file input-v7.tsv (TSV, C-alpha atoms)
chain	number	residue	atom	x	y	z
A	38	MET	CA	3.42	-19.31	-23.85
A	39	TYR	CA	3.07	-16.49	-26.33
A	40	GLU	CA	2.43	-16.74	-30.05
A	41	LEU	CA	5.54	-16.45	-32.16
A	42	LYS	CA	5.33	-14.42	-35.36
A	43	PHE	CA	7.95	-14.92	-38.03
A	44	ILE	CA	9.33	-11.65	-39.34
A	45	GLN	CA	12.11	-12.51	-41.76
A	46	ARG	CA	15.20	-14.52	-42.65
A	47	ASP	CA	18.05	-12.08	-42.60
A	48	ARG	CA	21.22	-13.02	-44.47
A	49	CYS	CA	24.49	-12.16	-42.77
A	50	LYS	CA	26.98	-10.85	-45.31
A	51	ASP	CA	30.02	-10.17	-43.15
A	52	GLY	CA	31.85	-13.27	-44.37
A	53	SER	CA	31.89	-14.85	-40.93
A	54	ASP	CA	30.54	-18.23	-39.90
A	55	HIS	CA	27.29	-16.50	-38.99
A	56	LEU	CA	25.28	-17.17	-42.14
A	57	PHE	CA	21.73	-15.99	-41.51
A	58	THR	CA	19.21	-15.17	-38.81
A	59	TYR	CA	15.58	-16.14	-38.36
A	60	ILE	CA	13.86	-13.20	-36.70
A	61	TYR	CA	10.62	-13.61	-34.78
A	62	LYS	CA	8.62	-11.42	-32.48
A	63	PHE	CA	6.06	-12.04	-29.78
A	64	TYR	CA	3.86	-9.92	-27.57
A	65	SER	CA	3.17	-10.48	-23.90
A	66	PRO	CA	-0.22	-9.16	-22.83
A	67	HIS	CA	0.97	-9.58	-19.24
A	68	THR	CA	3.99	-7.31	-19.47
A	69	LYS	CA	2.46	-5.31	-22.34
A	70	LEU	CA	5.78	-5.49	-24.12
A	71	ASN	CA	6.95	-6.81	-27.47
A	72	TYR	CA	10.01	-9.03	-27.65
A	73	ILE	CA	12.33	-9.87	-30.52
A	74	LEU	CA	13.65	-13.40	-30.76
A	75	ARG	CA	16.64	-14.15	-32.98
A	76	ALA	CA	17.97	-17.54	-34.03
A	77	GLU	CA	21.36	-16.91	-35.59
A	78	TYR	CA	22.48	-19.78	-37.79
A	79	HIS	CA	26.19	-20.54	-37.96
A	80	LYS	CA	28.34	-22.98	-39.93
A	81	GLY	CA	28.30	-26.37	-38.28
A	82	ASP	CA	24.52	-26.35	-37.99
A	83	VAL	CA	24.49	-24.24	-34.85
A	84	PHE	CA	21.80	-21.76	-33.85
A	85	ALA	CA	22.55	-19.12	-31.25
A	86	VAL	CA	19.24	-18.11	-29.69
A	87	LYS	CA	18.87	-14.55	-28.39
A	88	PHE	CA	16.02	-12.36	-27.29
A	89	TYR	CA	15.51	-8.80	-26.11
A	90	CYS	CA	12.72	-6.39	-25.35
A	91	LYS	CA	11.78	-4.46	-28.49
A	92	LYS	CA	11.77	-1.13	-26.71
A	93	ASP	CA	15.52	-1.55	-26.17
A	94	LYS	CA	16.31	-2.39	-29.78
A	95	ARG	CA	18.60	0.62	-30.26
A	96	SER	CA	20.53	0.03	-27.04
A	97	ASP	CA	24.02	-1.47	-27.05
A	98	PHE	CA	22.96	-3.17	-23.86
A	99	LYS	CA	19.64	-4.58	-24.97
A	100	TYR	CA	20.70	-8.07	-23.90
A	101	ASN	CA	21.96	-6.87	-20.51
A	102	LYS	CA	18.96	-4.91	-19.31
A	103	ILE	CA	16.71	-6.21	-16.60
A	104	ILE	CA	13.09	-5.73	-17.63
A	105	ASN	CA	11.66	-6.88	-14.30
A	106	ARG	CA	8.02	-7.07	-15.39
A	107	GLY	CA	7.65	-10.73	-14.47
A	108	TYR	CA	6.38	-13.62	-16.57
A	109	ALA	CA	9.93	-14.75	-17.30
A	110	LEU	CA	8.97	-18.42	-17.49
A	111	ARG	CA	6.33	-17.76	-20.14
A	112	ILE	CA	8.91	-15.84	-22.11
A	113	LEU	CA	11.43	-18.67	-21.76
A	114	LYS	CA	8.82	-21.21	-22.81
A	115	THR	CA	8.14	-19.12	-25.90
A	116	CYS	CA	11.85	-19.08	-26.68
A	117	LEU	CA	12.06	-22.84	-26.23
A	118	SER	CA	9.11	-23.30	-28.57
A	119	LEU	CA	11.27	-21.75	-31.25
A	120	VAL	CA	13.71	-24.65	-30.85
A	121	ILE	CA	10.88	-27.06	-31.69
A	122	GLU	CA	9.93	-24.91	-34.66
A	123	ILE	CA	13.49	-24.85	-35.97
A	124	LEU	CA	13.94	-28.60	-35.54
A	125	LYS	CA	11.13	-29.15	-38.06
A	126	ASP	CA	13.25	-27.62	-40.82
A	127	HIS	CA	16.67	-28.31	-39.31
A	128	PRO	CA	16.37	-31.70	-37.57
A	129	THR	CA	20.11	-31.94	-37.02
A	130	ALA	CA	20.49	-28.46	-35.55
A	131	ASN	CA	22.49	-27.73	-32.41
A	132	PHE	CA	21.73	-24.79	-30.12
A	133	ALA	CA	23.88	-22.45	-28.07
A	134	ILE	CA	23.11	-19.87	-25.42
A	135	TYR	CA	25.40	-17.20	-24.06
A	136	SER	CA	23.82	-15.55	-21.04
A	137	SER	CA	24.50	-11.82	-20.91
A	138	ARG	CA	25.63	-10.18	-17.72
A	139	SER	CA	23.08	-7.92	-16.12
A	140	ILE	CA	23.75	-4.21	-15.74
A	141	ASP	CA	22.00	-2.23	-13.05
A	142	PHE	CA	21.18	1.03	-14.81
A	143	SER	CA	19.57	2.43	-11.68
A	144	ASN	CA	23.05	2.70	-10.19
A	145	PRO	CA	25.11	5.72	-11.35
A	146	GLU	CA	28.14	3.48	-11.92
A	147	LYS	CA	26.08	1.00	-13.94
A	148	LEU	CA	27.09	-1.91	-11.75
A	149	THR	CA	27.74	-4.97	-13.84
A	150	GLU	CA	27.56	-8.62	-13.02
A	151	GLY	CA	30.55	-10.94	-13.26
A	152	LEU	CA	31.11	-13.23	-16.23
A	153	GLU	CA	30.96	-16.55	-14.42
A	154	GLU	CA	27.65	-18.20	-13.65
A	155	ASN	CA	25.62	-15.04	-13.98
A	156	GLN	CA	21.97	-14.88	-13.00
A	157	ARG	CA	20.60	-15.37	-16.50
A	158	TYR	CA	22.80	-18.43	-16.91
A	159	ARG	CA	21.54	-19.94	-13.65
A	160	ILE	CA	17.92	-19.39	-14.65
A	161	TYR	CA	18.31	-20.56	-18.25
A	162	LYS	CA	20.30	-23.65	-17.25
A	163	ASP	CA	17.78	-24.67	-14.67
A	164	TYR	CA	14.91	-24.10	-17.07
A	165	ILE	CA	16.52	-26.07	-19.90
A	166	LYS	CA	17.41	-28.94	-17.57
A	167	SER	CA	13.80	-29.18	-16.49
A	168	ARG	CA	12.21	-28.91	-19.93
A	169	VAL	CA	14.60	-30.59	-22.36
A	170	GLY	CA	15.37	-34.27	-22.05
A	171	LYS	CA	18.41	-36.24	-23.15
A	172	LYS	CA	16.84	-38.08	-26.08
A	173	THR	CA	17.23	-35.26	-28.59
A	174	PHE	CA	20.20	-33.39	-27.16
A	175	THR	CA	23.32	-33.85	-25.08
A	176	HIS	CA	23.50	-30.98	-22.60
A	177	LEU	CA	26.85	-29.25	-22.07
A	178	ASP	CA	27.41	-26.30	-19.81
A	179	TYR	CA	30.26	-23.82	-19.48
A	180	PRO	CA	29.85	-22.02	-16.15
A	181	SER	CA	33.05	-19.99	-16.53
A	182	ILE	CA	31.51	-18.09	-19.46
A	183	SER	CA	27.82	-18.58	-18.55
A	184	SER	CA	27.08	-20.55	-21.68
A	185	TYR	CA	25.14	-23.67	-22.51
A	186	ILE	CA	25.11	-25.86	-25.61
A	187	LEU	CA	22.59	-28.44	-26.73
A	188	VAL	CA	24.42	-30.84	-29.03
A	189	ASN	CA	22.04	-32.76	-31.27
A	190	ASN	CA	22.31	-36.49	-30.61
A	191	CYS	CA	22.20	-37.18	-34.34
A	192	ASN	CA	25.89	-36.24	-34.31
A	193	GLU	CA	27.83	-39.49	-34.12
A	194	ASP	CA	30.71	-38.01	-32.13
A	195	ILE	CA	29.44	-35.55	-29.53
A	196	GLU	CA	32.93	-34.58	-28.32
A	197	LEU	CA	34.05	-33.81	-31.87
A	198	LYS	CA	30.93	-31.74	-32.51
A	199	GLU	CA	31.47	-29.84	-29.28
A	200	ARG	CA	35.02	-29.03	-30.36
A	201	GLU	CA	33.83	-27.85	-33.78
A	202	ILE	CA	31.22	-25.59	-32.19
A	203	LEU	CA	33.70	-24.05	-29.75
A	204	GLU	CA	36.22	-23.43	-32.51
A	205	MET	CA	33.55	-21.88	-34.70
A	206	PHE	CA	32.46	-19.47	-31.95
A	207	ASP	CA	36.08	-18.69	-31.12
A	208	ARG	CA	36.69	-17.82	-34.79
A	209	THR	CA	33.52	-15.81	-35.16
A	210	TYR	CA	33.39	-13.91	-31.89
A	211	GLN	CA	36.85	-12.94	-30.74
A	212	GLY	CA	35.29	-11.13	-27.81
A	213	MET	CA	32.82	-13.83	-26.89
A	214	PRO	CA	33.09	-13.35	-23.13
A	215	ASP	CA	32.78	-9.58	-23.56
A	216	ILE	CA	30.20	-7.46	-21.78
A	217	VAL	CA	27.43	-8.08	-24.28
B	241	MET	CA	20.83	0.70	-2.41
B	242	SER	CA	20.26	-0.54	-5.94
B	243	LYS	CA	20.18	-4.14	-7.07
B	244	GLY	CA	23.82	-4.52	-7.97
B	245	GLU	CA	25.23	-3.03	-4.78
B	246	LYS	CA	24.01	-5.98	-2.75
B	247	LEU	CA	26.16	-8.25	-4.86
B	248	ASN	CA	29.78	-8.19	-5.83
B	249	TRP	CA	29.18	-6.34	-9.07
B	250	LYS	CA	31.64	-3.90	-10.62
B	251	PRO	CA	31.10	-0.58	-12.34
B	252	LEU	CA	30.57	-0.98	-16.07
B	253	ARG	CA	33.62	1.12	-16.95
B	254	SER	CA	35.91	-1.21	-14.99
B	255	VAL	CA	34.67	-4.40	-16.57
B	256	VAL	CA	37.41	-5.60	-18.86
B	257	SER	CA	36.78	-8.25	-21.44
B	258	SER	CA	39.20	-11.10	-21.22
B	259	LYS	CA	39.50	-13.63	-23.97
B	260	VAL	CA	38.83	-17.14	-22.77
B	261	SER	CA	40.94	-19.82	-24.40
B	262	ILE	CA	38.82	-22.59	-25.82
B	263	ASP	CA	41.48	-25.02	-24.64
B	264	LYS	CA	40.42	-24.17	-21.12
B	265	LEU	CA	36.75	-24.62	-21.83
B	266	LYS	CA	35.63	-28.02	-20.74
B	267	GLY	CA	31.97	-28.60	-21.30
B	268	ARG	CA	30.39	-30.31	-18.34
B	269	ARG	CA	27.77	-32.86	-19.25
B	270	VAL	CA	24.51	-31.97	-17.60
B	271	THR	CA	21.94	-34.55	-16.68
B	272	PRO	CA	18.47	-33.29	-17.52
B	273	GLN	CA	15.98	-33.44	-14.69
B	274	VAL	CA	12.86	-33.64	-16.78
B	275	SER	CA	11.33	-36.68	-15.19
B	276	ALA	CA	12.16	-35.78	-11.61
B	277	LYS	CA	11.18	-32.15	-11.55
B	278	THR	CA	8.58	-31.38	-14.13
B	279	GLY	CA	5.93	-34.04	-13.83
B	280	GLY	CA	5.40	-34.33	-17.54
B	281	ARG	CA	6.02	-30.75	-18.59
B	282	VAL	CA	8.80	-31.76	-20.93
B	283	ILE	CA	8.87	-29.57	-24.01
B	284	ILE	CA	11.55	-31.44	-25.95
B	285	PRO	CA	12.17	-35.14	-25.21
call {"tool": "encode", "arguments": {"input": "input-v7.tsv", "output": "structure tokens"}}
result
Amino acid sequence: MYELKFIQRDRCKDGSDHLFTYIYKFYSPHTKLNYILRAEYHKGDVFAVKFYCKKDKRSDFKYNKIINRGYALRILKTCLSLVIEILKDHPTANFAIYSSRSIDFSNPEKLTEGLEENQRYRIYKDYIKSRVGKKTFTHLDYPSISSYILVNNCNEDIELKEREILEMFDRTYQGMPDIV
Amino acid sequence: MSKGEKLNWKPLRSVVSSKVSIDKLKGRRVTPQVSAKTGGRVIIP
């Protein structure tokens, strides 16, 4: 696992349900790359966790690129450590992941993965299942859009909370199952 | 042959976003496998 460094809390002023973002960075001495980790806080106590390689920060496809330098599990463990960090200040927080489709930039047509059960989703889901138990969170997956939600078990009605989260994302991201 | 050609991937320009109705989204409950698979490497209980 790599050391997380807090950069800033960035307020979102677009009037949407996305209220602010905690931004962190970490460096992998194995891949010799820096990564940016974002925890975007939304109404309903929901964090959407995202990360990308810093060298791609100006790319529209920074979440779609395949870095292919290895050490993915260490990177995922670092991302999961952020969940623990956030729970200290937000013990009732819920977490959501939307796994971006991969794009093969080595192909002239930029071949793009399908939306359903993409490779990131399969890896993330498997990793979360094997590292996060059921005491703190109820695990919900959405294979048709390659997404995964951890609903905090402090919510009395899990089904109601799930509905609220889905409606919030639907309101906030009209193009949620879009390419990025 | 590049990575994507081995799979049923489509050119980026032909990928059309389609809005998914939340009414059709049914979250499947997943049973964590922490005890069976990880041998104590649970990060969050």
call {"tool": "closest_residue", "arguments": {"input": "input-v7.tsv", "among": "A:Asn101, A:Asn144, A:Thr115, A:Gln45", "to": "chain B", "atoms": "only C-alpha atoms"}}
result
A:Asn144
call {"tool": "atom_distance", "arguments": {"input": "input-v7.tsv", "atom1": "atom CA of A:Asn190", "atom2": "atom CA of A:Phe174"}}
result
5.1 Å
call {"tool": "atom_distance", "arguments": {"input": "input-v7.tsv", "atom1": "atom CA of A:Cys191", "atom2": "atom CA of A:Thr173"}}
result
7.8 Å
call {"tool": "atom_distance", "arguments": {"input": "input-v7.tsv", "atom1": "atom CA of B:Pro272", "atom2": "atom CA of A:Arg168"}}
result
8.0 Å
call {"tool": "interface_residues", "arguments": {"input": "input-v7.tsv", "of": "chain A", "to": "chain B", "cutoff": "7 Å", "atoms": "all atoms listed in the file", "output": "VMD selection string"}}
result
chain A and resid 141 143 to 144 146 to 151 166 to 173 176 to 179 203 212 214 to 216
call {"tool": "write_last_selection", "arguments": {"input": "input-v7.tsv", "atoms": "C-alpha atoms", "output": "JSON list (two decimals), in the frame of the given file"}}
result
[["chain", "number", "residue", "atom", "x", "y", "z"],
["A", 141, "ASP", "CA", 22.00, -2.23, -13.05],
["A", 143, "SER", "CA", 19.57, 2.43, -11.68],
["A", 144, "ASN", "CA", 23.05, 2.70, -10.19],
["A", 146, "GLU", "CA", 28.14, 3.48, -11.92],
["A", 147, "LYS", "CA", 26.08, 1.00, -13.94],
["A", 148, "LEU", "CA", 27.09, -1.91, -11.75],
["A", 149, "THR", "CA", 27.74, -4.97, -13.84],
["A", 150, "GLU", "CA", 27.56, -8.62, -13.02],
["A", 151, "GLY", "CA", 30.55, -10.94, -13.26],
["A", 166, "LYS", "CA", 17.41, -28.94, -17.57],
["A", 167, "SER", "CA", 13.80, -29.18, -16.49],
["A", 168, "ARG", "CA", 12.21, -28.91, -19.93],
["A", 169, "VAL", "CA", 14.60, -30.59, -22.36],
["A", 170, "GLY", "CA", 15.37, -34.27, -22.05],
["A", 171, "LYS", "CA", 18.41, -36.24, -23.15],
["A", 172, "LYS", "CA", 16.84, -38.08, -26.08],
["A", 173, "THR", "CA", 17.23, -35.26, -28.59],
["A", 176, "HIS", "CA", 23.50, -30.98, -22.60],
["A", 177, "LEU", "CA", 26.85, -29.25, -22.07],
["A", 178, "ASP", "CA", 27.41, -26.30, -19.81],
["A", 179, "TYR", "CA", 30.26, -23.82, -19.48],
["A", 203, "LEU", "CA", 33.70, -24.05, -29.75],
["A", 212, "GLY", "CA", 35.29, -11.13, -27.81],
["A", 214, "PRO", "CA", 33.09, -13.35, -23.13],
["A", 215, "ASP", "CA", 32.78, -9.58, -23.56],
["A", 216, "ILE", "CA", 30.20, -7.46, -21.78]]
call {"tool": "residues_around", "arguments": {"input": "input-v7.tsv", "residues": "A:Ile182", "least_positions_apart": "2", "cutoff": "6 Å", "atoms": "all atoms listed in the file", "output": "list in words"}}
result
Leu152, Glu153, Tyr179, Pro180 and Ser184 of chain A
call {"tool": "residues_around", "arguments": {"input": "input-v7.tsv", "residues": "A:Ile202", "least_positions_apart": "6", "cutoff": "10 Å", "atoms": "all atoms listed in the file", "output": "number ranges by chain"}}
result
A: 79-83, 131-133, 186, 188, 196, 208
call {"tool": "residues_around", "arguments": {"input": "input-v7.tsv", "residues": "stretch 55-61 of chain A", "least_positions_apart": "6", "cutoff": "7 Å", "atoms": "only C-alpha atoms", "output": "VMD selection string"}}
result
chain A and resid 41 to 49 73 to 80
call {"tool": "write_last_selection", "arguments": {"input": "input-v7.tsv", "atoms": "C-alpha atoms", "output": "PDB file, keeping the file's coordinate frame"}}
result
ATOM      1  CA  LEU A  41       5.540 -16.450 -32.160  1.00  0.00           C
ATOM      2  CA  LYS A  42       5.330 -14.420 -35.360  1.00  0.00           C
ATOM      3  CA  PHE A  43       7.950 -14.920 -38.030  1.00  0.00           C
ATOM      4  CA  ILE A  44       9.330 -11.650 -39.340  1.00  0.00           C
ATOM      5  CA  GLN A  45      12.110 -12.510 -41.760  1.00  0.00           C
ATOM      6  CA  ARG A  46      15.200 -14.520 -42.650  1.00  0.00           C
ATOM      7  CA  ASP A  47      18.050 -12.080 -42.600  1.00  0.00           C
ATOM      8  CA  ARG A  48      21.220 -13.020 -44.470  1.00  0.00           C
ATOM      9  CA  CYS A  49      24.490 -12.160 -42.770  1.00  0.00           C
ATOM     10  CA  ILE A  73      12.330  -9.870 -30.520  1.00  0.00           C
ATOM     11  CA  LEU A  74      13.650 -13.400 -30.760  1.00  0.00           C
ATOM     12  CA  ARG A  75      16.640 -14.150 -32.980  1.00  0.00           C
ATOM     13  CA  ALA A  76      17.970 -17.540 -34.030  1.00  0.00           C
ATOM     14  CA  GLU A  77      21.360 -16.910 -35.590  1.00  0.00           C
ATOM     15  CA  TYR A  78      22.480 -19.780 -37.790  1.00  0.00           C
ATOM     16  CA  HIS A  79      26.190 -20.540 -37.960  1.00  0.00           C
ATOM     17  CA  LYS A  80      28.340 -22.980 -39.930  1.00  0.00           C
TER      18      LYS A  80
END
